[in-house]
Amino acid sequence: MSVAVEARPPLPPGGWDPEDEEFWARAGARIARRNLVFSVLSEHIGFSVWSLWSVLVLFLGPSYHIDTAGKFTLTALPTALGALLRLPYTFAVARFGGRTWTVISALLLLVPTALAAVVLEPGVSYGTLLAVACAAGVGGGNFASSMANINAFYPHRLKGWALGVNAGGGNLGVPAVQLLGLLVLATAGAAHPRLLPLLYLPLIVLAAAGAWWRMDDLPASRAGSGQGRAMREVARDPYGWAVSTLYIGTFGSFIGFGFAFGQVLQVQFHARFDTPVKAAALTFLGPLLGSLLRPVGGRLADRYGGARVTLATFAAMGAGTAVVLAASRAGSLPLFLAGFITLFVLSGLGNGSTYKLIPAHYQALARRAVAAGADPEAAEAESRRRSGALIGLAGAVGAFGGVLVNLAFRQAFQASHNGDAAYLGFLVAYLVCSALTWAVWLRRR
């Protein structure tokens, strides 16, 4: 006798409408929560693979013949490719469906992970390392598709929280891979970098299997008509570029600092961090706190408004950068660590609050359209398409901030053996973002 096992409960008939409170209480919340859990798992592994080389460079000792500038290049390349891939990954949800694309994007992570496990040994050419590090950028694309997918599952009143949880759980992949790297360094030693990518191969398969068995393809999300038009519209909209600029300041800082922090400690305070284990023991703390507080930023934005929280965050990030600059010039390690960890915390809060600005804006436009006589369902569908498109655009542009951070560190240390020029540049950037937030969102008109 055979027994049929249902992989996942079917979606309710009649379409997906999370704004319908009766539907949400009856079935929607449970289904959305299930998809959120497995979306977070896949995105978490994606972030770990994306930031894999922020840890692997700590294993590359003198036998690899790579200087400081070369190591910063190895961390900048996956950041750049991940940023580029966020745009097509956003479209992929509309083309294939959230569940299907989560499975595909998870399995793609096997490529850079397996390659890293194969090539990492003394004598490998620097060009080979550059190519393999660049391939790790596929992990950066997962964020955009995951966020666009979860955005469609939740009602507007919960988007700040849901997007914050989804992104924060994904961001935790950065400290997770750094902690695993610390474990490998402390147990097997710096001579065994291959162990780190090998640990992720079964986790990638697990994430893909979970998405296949427990996630859903929303019919509305697979109706890809209008997605390209929505992307063109938000790309022509100054509002979209304003949000993307803010995301350079928040997420660009988070991912850039996460990739570079271990190297910064080793170069800036080389006497205190003369071994990779000592640097790795501290690199995870900032990304961990920033990731955990991203949902808090979304929740605060739900309550007080995304613009107010974002402005306060940028003002505080400017103050934190001033502390880091002062500590760097004074050679004070405790003050340097306190300032940098503060920047991680604030960038996590700002990530959550900035993303809240996206669905709130298009919800307001939909309400105006309905008030002017537009069909409510059509206005709501257009709101979701544009929100998903701008989530992809802002995610891609913001991730390039991580490239700029690594390039700024590379040039600063190459020129003067300290990061003071980079810290000064970050300070100016946060002041610009503060002024932009006030001018676009908070200035009285």
# chains A, B, ... in the order shown; residues from 1 in each chain; ligands from 1
call {"tool": "residues_around", "arguments": {"residues": "His417 of chain A", "least_positions_apart": "2", "cutoff": "12 Å", "atoms": "only C-alpha atoms", "output": "count of residues only"}}
result
22
call {"tool": "closest_residue", "arguments": {"among": "A:Gly286, A:Gly228, A:Gly401, A:Pro193", "to": "Val118 of chain A", "atoms": "only C-alpha atoms"}}
result
A:Pro193
call {"tool": "residues_around", "arguments": {"residues": "Phe47 of chain A", "least_positions_apart": "2", "cutoff": "8 Å", "atoms": "only C-alpha atoms", "output": "PyMOL selection string"}}
result
chain A and resi 43-45+49-51+139-140+142-143+170-174
call {"tool": "closest_atom_pairs", "arguments": {"of": "segment 205-278 of chain A", "to": "segment 431-445 of chain A", "cutoff": "9 Å", "atoms": "only C-alpha atoms", "output": "CSV"}}
result
residue,atom,partner,partner_atom,distance
A:Tyr239,CA,A:Val440,CA,8.2
A:Ala242,CA,A:Leu436,CA,7.5
A:Val243,CA,A:Thr437,CA,8.8
A:Thr245,CA,A:Cys433,CA,7.4
A:Leu246,CA,A:Cys433,CA,5.9
A:Gly249,CA,A:Cys433,CA,6.9
call {"tool": "residues_around", "arguments": {"residues": "Pro18 of chain A", "least_positions_apart": "6", "cutoff": "9 Å", "atoms": "only C-alpha atoms", "output": "PyMOL selection string"}}
result
chain A and resi 24+28-29+152-156
call {"tool": "residues_around", "arguments": {"residues": "Ala366 of chain A", "least_positions_apart": "4", "cutoff": "7 Å", "atoms": "only C-alpha atoms", "output": "PyMOL selection string"}}
result
chain A and resi 362+370+379-380+383
call {"tool": "write_last_selection", "arguments": {"atoms": "C-alpha atoms", "output": "tab-separated table (two decimals), in the first residue's frame"}}
result
chain	number	residue	atom	x	y	z
A	362	TYR	CA	4.23	53.13	-3.79
A	370	VAL	CA	-7.70	54.97	-6.26
A	379	ALA	CA	-3.43	50.08	-8.43
A	380	GLU	CA	-2.36	47.57	-5.80
A	383	SER	CA	2.29	49.19	-6.41
